[in-house]
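Enquirer: Data file start26.pdb (PDB, C-alpha atoms and all ligand atoms) is appended below.
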ATOM      1  CA  MET M  25     -36.682 -13.373 -42.344  1.00  0.00           C
ATOM      2  CA  LYS M  26     -34.693 -10.530 -43.864  1.00  0.00           C
ATOM      3  CA  VAL M  27     -35.112  -6.972 -42.593  1.00  0.00           C
ATOM      4  CA  PHE M  28     -34.487  -4.054 -44.946  1.00  0.00           C
ATOM      5  CA  HIS M  29     -33.952  -0.645 -43.374  1.00  0.00           C
ATOM      6  CA  ASP M  30     -32.482   0.666 -46.592  1.00  0.00           C
ATOM      7  CA  LEU M  31     -34.901   1.257 -49.472  1.00  0.00           C
ATOM      8  CA  GLN M  32     -32.227   0.895 -52.165  1.00  0.00           C
ATOM      9  CA  GLU M  33     -31.230  -2.473 -50.774  1.00  0.00           C
ATOM     10  CA  TRP M  34     -34.857  -3.636 -50.922  1.00  0.00           C
ATOM     11  CA  ARG M  35     -35.336  -2.298 -54.466  1.00  0.00           C
ATOM     12  CA  GLN M  36     -32.252  -4.134 -55.676  1.00  0.00           C
ATOM     13  CA  HIS M  37     -33.154  -7.387 -53.978  1.00  0.00           C
ATOM     14  CA  PRO M  38     -33.804 -10.110 -56.598  1.00  0.00           C
ATOM     15  CA  ARG M  39     -37.426 -11.219 -56.928  1.00  0.00           C
ATOM     16  CA  THR M  40     -38.882 -14.641 -57.504  1.00  0.00           C
ATOM     17  CA  GLY M  41     -42.455 -15.935 -57.302  1.00  0.00           C
ATOM     18  CA  THR M  42     -45.542 -14.096 -56.150  1.00  0.00           C
ATOM     19  CA  LEU M  43     -45.404 -11.465 -53.439  1.00  0.00           C
ATOM     20  CA  GLY M  44     -48.072 -10.504 -50.907  1.00  0.00           C
ATOM     21  CA  PHE M  45     -47.712  -7.214 -49.042  1.00  0.00           C
ATOM     22  CA  VAL M  46     -48.987  -6.144 -45.601  1.00  0.00           C
ATOM     23  CA  PRO M  47     -48.323  -2.472 -44.807  1.00  0.00           C
ATOM     24  CA  THR M  48     -48.361  -1.614 -41.077  1.00  0.00           C
ATOM     25  CA  MET M  49     -47.311   1.052 -38.615  1.00  0.00           C
ATOM     26  CA  GLY M  50     -45.987  -1.609 -36.239  1.00  0.00           C
ATOM     27  CA  ALA M  51     -47.323  -2.297 -32.721  1.00  0.00           C
ATOM     28  CA  LEU M  52     -48.452  -5.541 -34.257  1.00  0.00           C
ATOM     29  CA  HIS M  53     -51.440  -7.448 -32.855  1.00  0.00           C
ATOM     30  CA  ASP M  54     -53.369 -10.519 -33.961  1.00  0.00           C
ATOM     31  CA  GLY M  55     -55.309  -8.425 -36.503  1.00  0.00           C
ATOM     32  CA  HIS M  56     -52.081  -7.659 -38.381  1.00  0.00           C
ATOM     33  CA  LEU M  57     -50.966 -11.258 -38.016  1.00  0.00           C
ATOM     34  CA  SER M  58     -54.204 -12.470 -39.616  1.00  0.00           C
ATOM     35  CA  LEU M  59     -53.393 -10.301 -42.666  1.00  0.00           C
ATOM     36  CA  VAL M  60     -49.901 -11.813 -42.727  1.00  0.00           C
ATOM     37  CA  GLN M  61     -51.350 -15.311 -42.499  1.00  0.00           C
ATOM     38  CA  ARG M  62     -53.685 -14.671 -45.418  1.00  0.00           C
ATOM     39  CA  SER M  63     -50.837 -13.260 -47.496  1.00  0.00           C
ATOM     40  CA  GLN M  64     -48.745 -16.332 -46.752  1.00  0.00           C
ATOM     41  CA  GLN M  65     -51.607 -18.604 -47.823  1.00  0.00           C
ATOM     42  CA  GLU M  66     -52.094 -16.776 -51.124  1.00  0.00           C
ATOM     43  CA  ASN M  67     -48.518 -15.896 -52.159  1.00  0.00           C
ATOM     44  CA  GLN M  68     -45.111 -17.534 -52.337  1.00  0.00           C
ATOM     45  CA  HIS M  69     -43.472 -14.681 -50.417  1.00  0.00           C
ATOM     46  CA  THR M  70     -44.701 -12.059 -47.991  1.00  0.00           C
ATOM     47  CA  LEU M  71     -43.401  -8.573 -47.287  1.00  0.00           C
ATOM     48  CA  VAL M  72     -44.505  -6.613 -44.199  1.00  0.00           C
ATOM     49  CA  SER M  73     -43.664  -2.922 -43.889  1.00  0.00           C
ATOM     50  CA  ILE M  74     -43.322  -1.174 -40.545  1.00  0.00           C
ATOM     51  CA  PHE M  75     -43.372   2.590 -40.818  1.00  0.00           C
ATOM     52  CA  ILE M  76     -45.063   5.007 -38.422  1.00  0.00           C
ATOM     53  CA  ASN M  77     -46.055   7.524 -41.058  1.00  0.00           C
ATOM     54  CA  PRO M  78     -45.806  11.048 -39.596  1.00  0.00           C
ATOM     55  CA  THR M  79     -47.856  12.693 -42.364  1.00  0.00           C
ATOM     56  CA  GLN M  80     -51.068  10.859 -41.501  1.00  0.00           C
ATOM     57  CA  PHE M  81     -51.156  12.051 -37.865  1.00  0.00           C
ATOM     58  CA  ASN M  82     -53.205  15.231 -37.748  1.00  0.00           C
ATOM     59  CA  ASP M  83     -52.677  15.338 -33.964  1.00  0.00           C
ATOM     60  CA  PRO M  84     -48.969  15.616 -32.952  1.00  0.00           C
ATOM     61  CA  LYS M  85     -49.778  14.102 -29.511  1.00  0.00           C
ATOM     62  CA  ASP M  86     -51.219  10.999 -31.176  1.00  0.00           C
ATOM     63  CA  PHE M  87     -47.965  10.662 -33.156  1.00  0.00           C
ATOM     64  CA  GLN M  88     -45.822  11.068 -30.016  1.00  0.00           C
ATOM     65  CA  ASN M  89     -47.935   8.523 -28.109  1.00  0.00           C
ATOM     66  CA  TYR M  90     -48.058   5.964 -30.904  1.00  0.00           C
ATOM     67  CA  PRO M  91     -46.468   2.739 -29.584  1.00  0.00           C
ATOM     68  CA  GLN M  92     -42.993   2.020 -30.987  1.00  0.00           C
ATOM     69  CA  THR M  93     -42.268  -1.679 -30.603  1.00  0.00           C
ATOM     70  CA  LEU M  94     -39.919  -2.626 -33.457  1.00  0.00           C
ATOM     71  CA  LYS M  95     -38.047  -5.303 -31.501  1.00  0.00           C
ATOM     72  CA  GLU M  96     -41.251  -7.137 -30.453  1.00  0.00           C
ATOM     73  CA  ASP M  97     -42.742  -6.651 -33.926  1.00  0.00           C
ATOM     74  CA  LEU M  98     -39.744  -8.297 -35.587  1.00  0.00           C
ATOM     75  CA  GLU M  99     -40.053 -11.245 -33.179  1.00  0.00           C
ATOM     76  CA  LYS M 100     -43.697 -11.675 -34.219  1.00  0.00           C
ATOM     77  CA  LEU M 101     -42.642 -11.620 -37.881  1.00  0.00           C
ATOM     78  CA  ALA M 102     -39.872 -14.203 -37.580  1.00  0.00           C
ATOM     79  CA  HIS M 103     -41.800 -16.508 -39.945  1.00  0.00           C
ATOM     80  CA  VAL M 104     -42.183 -13.854 -42.689  1.00  0.00           C
ATOM     81  CA  ASP M 105     -39.815 -13.571 -45.699  1.00  0.00           C
ATOM     82  CA  TYR M 106     -39.183  -9.829 -45.734  1.00  0.00           C
ATOM     83  CA  VAL M 107     -39.708  -6.811 -43.510  1.00  0.00           C
ATOM     84  CA  LEU M 108     -39.254  -3.270 -44.781  1.00  0.00           C
ATOM     85  CA  ALA M 109     -38.598  -0.822 -41.929  1.00  0.00           C
ATOM     86  CA  PRO M 110     -37.397   2.488 -43.385  1.00  0.00           C
ATOM     87  CA  ASN M 111     -37.090   5.796 -41.516  1.00  0.00           C
ATOM     88  CA  ALA M 112     -38.892   9.052 -42.322  1.00  0.00           C
ATOM     89  CA  GLN M 113     -35.840  10.525 -44.076  1.00  0.00           C
ATOM     90  CA  GLN M 114     -35.884   7.596 -46.507  1.00  0.00           C
ATOM     91  CA  MET M 115     -39.614   7.762 -47.122  1.00  0.00           C
ATOM     92  CA  TYR M 116     -39.724  11.567 -47.428  1.00  0.00           C
ATOM     93  CA  PRO M 117     -36.210  12.527 -48.629  1.00  0.00           C
ATOM     94  CA  ASN M 118     -37.432  15.924 -49.883  1.00  0.00           C
ATOM     95  CA  GLY M 119     -40.047  16.522 -47.205  1.00  0.00           C
ATOM     96  CA  TYR M 120     -43.763  16.310 -47.843  1.00  0.00           C
ATOM     97  CA  HIS M 121     -44.209  18.341 -51.017  1.00  0.00           C
ATOM     98  CA  TYR M 122     -45.775  15.767 -53.296  1.00  0.00           C
ATOM     99  CA  LYS M 123     -48.974  14.324 -51.907  1.00  0.00           C
ATOM    100  CA  VAL M 124     -51.987  12.331 -53.004  1.00  0.00           C
ATOM    101  CA  THR M 125     -55.233  14.200 -52.412  1.00  0.00           C
ATOM    102  CA  GLU M 126     -58.684  12.772 -52.840  1.00  0.00           C
ATOM    103  CA  ASP M 127     -61.327  15.435 -52.547  1.00  0.00           C
ATOM    104  CA  GLU M 128     -64.618  13.684 -51.912  1.00  0.00           C
ATOM    105  CA  VAL M 129     -64.572  10.524 -49.792  1.00  0.00           C
ATOM    106  CA  SER M 130     -61.525  11.737 -47.833  1.00  0.00           C
ATOM    107  CA  LYS M 131     -63.414  14.816 -46.606  1.00  0.00           C
ATOM    108  CA  ILE M 132     -66.260  13.038 -44.795  1.00  0.00           C
ATOM    109  CA  LEU M 133     -66.454  10.870 -41.620  1.00  0.00           C
ATOM    110  CA  GLU M 134     -62.832  10.332 -40.463  1.00  0.00           C
ATOM    111  CA  GLY M 135     -61.652  12.982 -42.913  1.00  0.00           C
ATOM    112  CA  ALA M 136     -63.972  15.628 -41.427  1.00  0.00           C
ATOM    113  CA  HIS M 137     -62.545  14.960 -37.945  1.00  0.00           C
ATOM    114  CA  ARG M 138     -58.915  14.426 -38.944  1.00  0.00           C
ATOM    115  CA  PRO M 139     -57.967  17.070 -41.533  1.00  0.00           C
ATOM    116  CA  GLY M 140     -55.074  15.943 -43.729  1.00  0.00           C
ATOM    117  CA  HIS M 141     -55.090  12.400 -42.372  1.00  0.00           C
ATOM    118  CA  PHE M 142     -56.165  10.711 -45.588  1.00  0.00           C
ATOM    119  CA  ASP M 143     -53.747  12.746 -47.750  1.00  0.00           C
ATOM    120  CA  GLY M 144     -50.891  11.473 -45.591  1.00  0.00           C
ATOM    121  CA  MET M 145     -52.247   7.937 -45.579  1.00  0.00           C
ATOM    122  CA  LEU M 146     -52.795   7.786 -49.361  1.00  0.00           C
ATOM    123  CA  THR M 147     -49.395   9.352 -50.023  1.00  0.00           C
ATOM    124  CA  VAL M 148     -47.530   6.797 -47.943  1.00  0.00           C
ATOM    125  CA  VAL M 149     -49.593   3.874 -49.264  1.00  0.00           C
ATOM    126  CA  LEU M 150     -48.808   4.896 -52.858  1.00  0.00           C
ATOM    127  CA  LYS M 151     -45.098   5.096 -51.975  1.00  0.00           C
ATOM    128  CA  LEU M 152     -45.241   1.708 -50.225  1.00  0.00           C
ATOM    129  CA  LEU M 153     -47.180   0.003 -53.035  1.00  0.00           C
ATOM    130  CA  ASN M 154     -44.624   1.303 -55.554  1.00  0.00           C
ATOM    131  CA  LEU M 155     -41.768   0.073 -53.380  1.00  0.00           C
ATOM    132  CA  ALA M 156     -43.342  -3.335 -52.766  1.00  0.00           C
ATOM    133  CA  ARG M 157     -44.477  -4.003 -56.362  1.00  0.00           C
ATOM    134  CA  ALA M 158     -46.497  -6.845 -54.854  1.00  0.00           C
ATOM    135  CA  ASP M 159     -49.132  -8.972 -56.567  1.00  0.00           C
ATOM    136  CA  LYS M 160     -51.566  -8.494 -53.698  1.00  0.00           C
ATOM    137  CA  ALA M 161     -51.797  -6.120 -50.730  1.00  0.00           C
ATOM    138  CA  TYR M 162     -53.904  -6.766 -47.619  1.00  0.00           C
ATOM    139  CA  PHE M 163     -55.827  -4.195 -45.571  1.00  0.00           C
ATOM    140  CA  GLY M 164     -58.196  -4.611 -42.607  1.00  0.00           C
ATOM    141  CA  GLU M 165     -61.876  -3.705 -42.840  1.00  0.00           C
ATOM    142  CA  LYS M 166     -61.706  -1.996 -39.441  1.00  0.00           C
ATOM    143  CA  ASP M 167     -60.398   1.046 -41.310  1.00  0.00           C
ATOM    144  CA  PHE M 168     -63.226   0.793 -43.829  1.00  0.00           C
ATOM    145  CA  GLN M 169     -62.996   4.320 -45.202  1.00  0.00           C
ATOM    146  CA  GLN M 170     -59.212   3.933 -45.562  1.00  0.00           C
ATOM    147  CA  LEU M 171     -59.760   0.678 -47.444  1.00  0.00           C
ATOM    148  CA  GLU M 172     -62.287   2.288 -49.809  1.00  0.00           C
ATOM    149  CA  LEU M 173     -59.901   5.176 -50.497  1.00  0.00           C
ATOM    150  CA  ILE M 174     -56.987   2.825 -51.198  1.00  0.00           C
ATOM    151  CA  LYS M 175     -59.130   0.749 -53.573  1.00  0.00           C
ATOM    152  CA  GLY M 176     -60.190   3.979 -55.313  1.00  0.00           C
ATOM    153  CA  MET M 177     -56.585   5.196 -55.609  1.00  0.00           C
ATOM    154  CA  ALA M 178     -55.363   1.846 -56.980  1.00  0.00           C
ATOM    155  CA  ASN M 179     -58.114   1.998 -59.584  1.00  0.00           C
ATOM    156  CA  GLU M 180     -57.605   5.661 -60.567  1.00  0.00           C
ATOM    157  CA  PHE M 181     -53.816   5.342 -60.851  1.00  0.00           C
ATOM    158  CA  PHE M 182     -53.895   1.959 -62.660  1.00  0.00           C
ATOM    159  CA  LEU M 183     -51.814   0.277 -59.946  1.00  0.00           C
ATOM    160  CA  ASP M 184     -51.054  -3.366 -60.699  1.00  0.00           C
ATOM    161  CA  THR M 185     -51.326  -4.578 -57.100  1.00  0.00           C
ATOM    162  CA  GLU M 186     -54.657  -6.175 -56.198  1.00  0.00           C
ATOM    163  CA  ILE M 187     -56.109  -4.605 -53.020  1.00  0.00           C
ATOM    164  CA  LEU M 188     -57.717  -7.169 -50.722  1.00  0.00           C
ATOM    165  CA  ALA M 189     -59.995  -6.550 -47.745  1.00  0.00           C
ATOM    166  CA  CYS M 190     -59.755  -8.708 -44.614  1.00  0.00           C
ATOM    167  CA  PRO M 191     -62.400  -8.914 -41.870  1.00  0.00           C
ATOM    168  CA  THR M 192     -61.846  -7.089 -38.576  1.00  0.00           C
ATOM    169  CA  THR M 193     -60.199  -9.198 -35.882  1.00  0.00           C
ATOM    170  CA  ARG M 194     -61.836  -8.777 -32.473  1.00  0.00           C
ATOM    171  CA  GLU M 195     -60.946  -9.485 -28.843  1.00  0.00           C
ATOM    172  CA  SER M 196     -63.169 -12.100 -27.145  1.00  0.00           C
ATOM    173  CA  ASN M 197     -65.214  -9.193 -25.686  1.00  0.00           C
ATOM    174  CA  GLY M 198     -65.926  -7.866 -29.209  1.00  0.00           C
ATOM    175  CA  LEU M 199     -63.535  -4.891 -29.163  1.00  0.00           C
ATOM    176  CA  ALA M 200     -61.873  -4.442 -32.571  1.00  0.00           C
ATOM    177  CA  MET M 201     -58.113  -4.981 -32.292  1.00  0.00           C
ATOM    178  CA  SER M 202     -56.108  -1.794 -32.639  1.00  0.00           C
ATOM    179  CA  SER M 203     -52.591  -0.675 -31.774  1.00  0.00           C
ATOM    180  CA  ARG M 204     -54.144   2.146 -29.736  1.00  0.00           C
ATOM    181  CA  ASN M 205     -56.026  -0.275 -27.419  1.00  0.00           C
ATOM    182  CA  VAL M 206     -52.972  -0.563 -25.148  1.00  0.00           C
ATOM    183  CA  ARG M 207     -53.674   3.020 -24.044  1.00  0.00           C
ATOM    184  CA  LEU M 208     -57.240   2.194 -22.874  1.00  0.00           C
ATOM    185  CA  LYS M 209     -57.823   2.084 -19.110  1.00  0.00           C
ATOM    186  CA  ASP M 210     -60.781  -0.300 -19.353  1.00  0.00           C
ATOM    187  CA  GLN M 211     -60.983  -2.526 -22.429  1.00  0.00           C
ATOM    188  CA  ASN M 212     -64.271  -4.111 -21.308  1.00  0.00           C
ATOM    189  CA  LYS M 213     -65.893  -0.688 -21.162  1.00  0.00           C
ATOM    190  CA  ALA M 214     -64.462   0.050 -24.631  1.00  0.00           C
ATOM    191  CA  ALA M 215     -66.038  -3.209 -25.843  1.00  0.00           C
ATOM    192  CA  GLN M 216     -69.471  -1.591 -25.376  1.00  0.00           C
ATOM    193  CA  PHE M 217     -68.668   0.516 -28.452  1.00  0.00           C
ATOM    194  CA  PRO M 218     -69.311  -2.186 -31.117  1.00  0.00           C
ATOM    195  CA  GLN M 219     -72.308  -3.422 -29.104  1.00  0.00           C
ATOM    196  CA  LEU M 220     -73.941   0.019 -28.905  1.00  0.00           C
ATOM    197  CA  LEU M 221     -73.103   0.790 -32.542  1.00  0.00           C
ATOM    198  CA  LYS M 222     -75.795  -1.785 -33.414  1.00  0.00           C
ATOM    199  CA  HIS M 223     -78.457   0.168 -31.524  1.00  0.00           C
ATOM    200  CA  PRO M 224     -80.943   2.228 -33.639  1.00  0.00           C
ATOM    201  CA  ASN M 225     -80.112   5.261 -31.428  1.00  0.00           C
ATOM    202  CA  ALA M 226     -76.418   4.451 -31.288  1.00  0.00           C
ATOM    203  CA  LYS M 227     -75.189   8.030 -30.801  1.00  0.00           C
ATOM    204  CA  GLN M 228     -77.431   8.684 -27.776  1.00  0.00           C
ATOM    205  CA  GLU M 229     -76.724   5.258 -26.254  1.00  0.00           C
ATOM    206  CA  LEU M 230     -72.972   5.719 -26.637  1.00  0.00           C
ATOM    207  CA  GLU M 231     -73.104   9.154 -25.017  1.00  0.00           C
ATOM    208  CA  LYS M 232     -75.219   7.749 -22.169  1.00  0.00           C
ATOM    209  CA  ALA M 233     -72.558   5.085 -21.644  1.00  0.00           C
ATOM    210  CA  GLY M 234     -69.855   7.761 -21.320  1.00  0.00           C
ATOM    211  CA  PHE M 235     -68.322   7.789 -24.809  1.00  0.00           C
ATOM    212  CA  GLU M 236     -67.587  11.063 -26.558  1.00  0.00           C
ATOM    213  CA  VAL M 237     -69.048  10.519 -30.025  1.00  0.00           C
ATOM    214  CA  ASP M 238     -67.393  12.020 -33.134  1.00  0.00           C
ATOM    215  CA  TYR M 239     -69.900  10.433 -35.516  1.00  0.00           C
ATOM    216  CA  VAL M 240     -72.181   7.469 -36.162  1.00  0.00           C
ATOM    217  CA  GLU M 241     -73.239   7.246 -39.809  1.00  0.00           C
ATOM    218  CA  ASN M 242     -74.417   4.778 -42.400  1.00  0.00           C
ATOM    219  CA  TRP M 243     -72.134   4.761 -45.423  1.00  0.00           C
ATOM    220  CA  ARG M 244     -71.728   2.275 -48.287  1.00  0.00           C
ATOM    221  CA  GLY M 245     -73.910  -0.328 -46.583  1.00  0.00           C
ATOM    222  CA  ARG M 246     -72.223  -0.142 -43.180  1.00  0.00           C
ATOM    223  CA  THR M 247     -72.651   1.691 -39.905  1.00  0.00           C
ATOM    224  CA  LEU M 248     -69.428   3.523 -39.138  1.00  0.00           C
ATOM    225  CA  GLY M 249     -68.597   5.114 -35.809  1.00  0.00           C
ATOM    226  CA  ALA M 250     -65.807   6.998 -34.073  1.00  0.00           C
ATOM    227  CA  VAL M 251     -65.693   7.693 -30.344  1.00  0.00           C
ATOM    228  CA  LYS M 252     -63.268   8.780 -27.658  1.00  0.00           C
ATOM    229  CA  LEU M 253     -62.764   6.985 -24.367  1.00  0.00           C
ATOM    230  CA  ASP M 254     -59.945   7.785 -21.880  1.00  0.00           C
ATOM    231  CA  ASN M 255     -58.650  10.203 -24.536  1.00  0.00           C
ATOM    232  CA  VAL M 256     -58.185   7.275 -26.913  1.00  0.00           C
ATOM    233  CA  ARG M 257     -59.957   7.510 -30.243  1.00  0.00           C
ATOM    234  CA  LEU M 258     -61.650   4.312 -31.407  1.00  0.00           C
ATOM    235  CA  ILE M 259     -63.233   3.597 -34.787  1.00  0.00           C
ATOM    236  CA  ASP M 260     -65.305   0.623 -35.852  1.00  0.00           C
ATOM    237  CA  ASN M 261     -67.924  -0.387 -38.419  1.00  0.00           C
ATOM    238  CA  LEU M 262     -70.545  -3.065 -38.733  1.00  0.00           C
TER     239      LEU M 262
HETATM  240  O1  LIG M 301     -53.688   1.189 -41.396  1.00  0.00           O
HETATM  241  C1  LIG M 301     -52.512   1.501 -41.153  1.00  0.00           C
HETATM  242  O2  LIG M 301     -51.831   0.931 -40.291  1.00  0.00           O
HETATM  243  C2  LIG M 301     -51.892   2.656 -41.919  1.00  0.00           C
HETATM  244  O3  LIG M 301     -52.829   3.640 -42.216  1.00  0.00           O
HETATM  245  C3  LIG M 301     -51.150   2.210 -43.190  1.00  0.00           C
HETATM  246  C4  LIG M 301     -52.119   1.614 -44.201  1.00  0.00           C
HETATM  247  C5  LIG M 301     -50.071   1.202 -42.843  1.00  0.00           C
HETATM  248  C6  LIG M 301     -50.473   3.431 -43.849  1.00  0.00           C
HETATM  249  O4  LIG M 301     -49.567   4.042 -42.986  1.00  0.00           O
END
Once more with this new file: its structure as structure tokens, please.
Expert:
Amino acid sequence: MKVFHDLQEWRQHPRTGTLGFVPTMGALHDGHLSLVQRSQQENQHTLVSIFINPTQFNDPKDFQNYPQTLKEDLEKLAHVDYVLAPNAQQMYPNGYHYKVTEDEVSKILEGAHRPGHFDGMLTVVLKLLNLARADKAYFGEKDFQQLELIKGMANEFFLDTEILACPTTRESNGLAMSSRNVRLKDQNKAAQFPQLLKHPNAKQELEKAGFEVDYVENWRGRTLGAVKLDNVRLIDNL
């Protein structure tokens, strides 16, 4: 495994064969590793990026509290060809002046509760896809609205990388894996979220169970929900 902290070094690195790309913000769990596994099955080489993107955090506290686990992450990626782990200065050398804005899908659901989040996410994903120049890139369905926006952007901007969706990986209790789960006091209580999301009166049932509900809505054939528990924000979709 070769780690690139320097973007120029990565861009100059000679390329051979097909490349699969898994963008992450680190704090890797089995969900990320399932994306890596799929990339390794479908491509000759795999690149994983680790970059905690400041521009997609609408809440500064969430950014400060986001787990930083580079050493452990690199150990989990020992079997991967390449890791790209740049810093913010490299990714945003002139600050955050150029950005990708989508003005329909990005304004609803997550976008309505996290202003600016999807601009930051799309901006960094465009940068990363241009840096990776991969054949295929893998994204989890847990972030369904993110996935739909990335597919839309790739289509609108004629990007050559194929965007692939991978099913949500869950704990044995049903809780969707997320880097933020480490901050939960009671993961079994949190596991009621996907269960109650199935209920016809999901919002009321979730509130009764002690969740603070941001939204429960049907969108593009799925039920999407976002809740807070122990001050940790969880999203899921079925
Ligand atoms: O889903 C994530 O971890 C992030 O939003 C992504 C796609 C790596 C962009 O920072």
Enquirer: Give me the result of the PyMOL selection byres (((chain M and resi 244) around 12) and not hetatm) on this file, residue by residue, as a list in words.
Expert: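 Selected by the PyMOL selection byres (((chain M and resi 244) around 12) and not hetatm) in this file: Val129, Phe168, Gln169, Glu172, Glu241, Asn242, Trp243, Gly245, Arg246, Thr247, Leu248, Asn261 and Leu262 of chain M.
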Enquirer: State, in Å with one decimal place, the distance from CA of Asn179 (chain M) to CA of Leu146 (chain M).
Expert: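 Computing it gives 12.9 Å between the two atoms.
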Enquirer: Taking (-41.7, -14.3, -36.7) as a centre in this file's frame and 12 Å as the limit, can you find every polymer residue with an atom that close, using only C-alpha atoms, and give them as a tab-separated table (two decimals) with C-alpha atoms, keeping the file's coordinate frame?
Expert:
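Output contents, as saved in selection-v4.tsv:
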chain	number	residue	atom	x	y	z
M	25	MET	CA	-36.68	-13.37	-42.34
M	26	LYS	CA	-34.69	-10.53	-43.86
M	27	VAL	CA	-35.11	-6.97	-42.59
M	52	LEU	CA	-48.45	-5.54	-34.26
M	57	LEU	CA	-50.97	-11.26	-38.02
M	60	VAL	CA	-49.90	-11.81	-42.73
M	61	GLN	CA	-51.35	-15.31	-42.50
M	70	THR	CA	-44.70	-12.06	-47.99
M	72	VAL	CA	-44.50	-6.61	-44.20
M	95	LYS	CA	-38.05	-5.30	-31.50
M	96	GLU	CA	-41.25	-7.14	-30.45
M	97	ASP	CA	-42.74	-6.65	-33.93
M	98	LEU	CA	-39.74	-8.30	-35.59
M	99	GLU	CA	-40.05	-11.24	-33.18
M	100	LYS	CA	-43.70	-11.68	-34.22
M	101	LEU	CA	-42.64	-11.62	-37.88
M	102	ALA	CA	-39.87	-14.20	-37.58
M	103	HIS	CA	-41.80	-16.51	-39.94
M	104	VAL	CA	-42.18	-13.85	-42.69
M	105	ASP	CA	-39.82	-13.57	-45.70
M	106	TYR	CA	-39.18	-9.83	-45.73
M	107	VAL	CA	-39.71	-6.81	-43.51
Enquirer: Residues within 6 Å of ligand LIG 301 (chain M) (only C-alpha atoms and all ligand atoms), as a list in words?
Expert: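 Here is the list of contacting residues: Pro47, Thr48, Met49, Asn77, Met145 and Val149 of chain M.
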Enquirer: Compare M:Ala250, M:Leu31, M:Asp167, M:Asp54 by their minimum atom-to-atom distance to Pro117 (chain M), counting all atoms listed in the file, and give me the closest one.
Expert: M:Leu31
Enquirer: Given 6 Å on each side, where is the centre and what are the edge lengths in Å to one decimal of the axis-aligned box enclosing the listed atoms of region 246-262 of chain M, as lines of an AutoDock Vina configuration file?
Expert:
center_x = -65.4
center_y = 3.6
center_z = -32.5
size_x = 26.5
size_y = 25.3
size_z = 33.3
Enquirer: Report, in Å to a single decimal, how far apart CA of Gly164 (chain M) and CA of Pro191 (chain M) are.
Expert: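 Rounded to one decimal, the two atoms are 6.1 Å apart.
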Enquirer: Need to verify the contact set: Pro218 (chain M), 7 Å, all atoms listed in the file, exclusion of same-chain residues closer than 4 positions in sequence. Can you return it as a list in words?
Expert: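 That gives Gly198, Leu199, Lys222 and Asp260 of chain M.
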Enquirer: Figure out the distance between CA of Leu155 (chain M) and CA of Ile174 (chain M), please, to one decimal in Å.
Expert: 15.6 Å
Enquirer: Go through M:Pro84, M:Gly135, M:Pro91, M:Gly140 one by one, measure the shortest atom-to-atom distance of each to Ser203 (chain M) using all atoms listed in the file, and give the residue with the smallest value.
Expert: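 Selected residue with least distance to Ser203 (chain M): M:Pro91.
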Enquirer: Ranking M:Asn255, M:Gln219, M:Thr42, M:Ser196 by minimum distance to Ala158 (chain M) and counting all atoms listed in the file, which one comes first?
Expert: M:Thr42
Enquirer: List the neighbours of region 32-38 of chain M out to 12 Å using only C-alpha atoms; skip same-chain residues closer than 2 positions along the sequence, and give me the result as a PyMOL selection string.
Expert: chain M and resi 26-30+40-41+71+73+106-110+114-115+152+154-157
Enquirer: Which of these, M:Glu165, M:Arg194, M:Gln65, M:His141, has the shortest distance to Phe87 (chain M) once you count all atoms listed in the file?
Expert: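 Closest to Phe87 (chain M) of all the choices is M:His141.
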Enquirer: Restricting the calculation to only C-alpha atoms, which member of M:Lys227, M:Lys213, M:Lys175, M:Arg207 is positioned closest to Ala51 (chain M)?
Expert: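 Among the listed residues, M:Arg207 lies closest to Ala51 (chain M).
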Enquirer: Given all atoms listed in the file as the basis, pick out the residue of M:Arg204, M:Ser58, M:Glu236, M:Leu221 nearest to Asp86 (chain M).
Expert: M:Arg204
Enquirer: Applying 9 Å and all atoms listed in the file, which residues near Glu126 (chain M) remain after dropping the ones on its own chain fewer than 5 positions away? List them as a list of chain:residue names.
Expert: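 Within the cut-off, the hits are M:Lys131, M:Phe142, M:Asp143, M:Leu146, M:Leu173, M:Met177.
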Enquirer: What would the file look like if the residues just selected were written as an mmCIF file, in the frame of the given file with C-alpha atoms?
Expert:
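File out29.cif, as written:
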data_model
loop_
_atom_site.group_PDB
_atom_site.id
_atom_site.type_symbol
_atom_site.label_atom_id
_atom_site.label_comp_id
_atom_site.auth_asym_id
_atom_site.auth_seq_id
_atom_site.Cartn_x
_atom_site.Cartn_y
_atom_site.Cartn_z
ATOM 1 C CA LYS M 131 -63.414 14.816 -46.606
ATOM 2 C CA PHE M 142 -56.165 10.711 -45.588
ATOM 3 C CA ASP M 143 -53.747 12.746 -47.750
ATOM 4 C CA LEU M 146 -52.795 7.786 -49.361
ATOM 5 C CA LEU M 173 -59.901 5.176 -50.497
ATOM 6 C CA MET M 177 -56.585 5.196 -55.609
#
Enquirer: Could you state which residues are captured by the PyMOL selection byres (((chain M and resi 252) around 12) and not hetatm) in this file, as an MDAnalysis selection string?
Expert: chainID M and resid 204:205 207:208 213:214 217 230:231 233:239 249:251 253:260
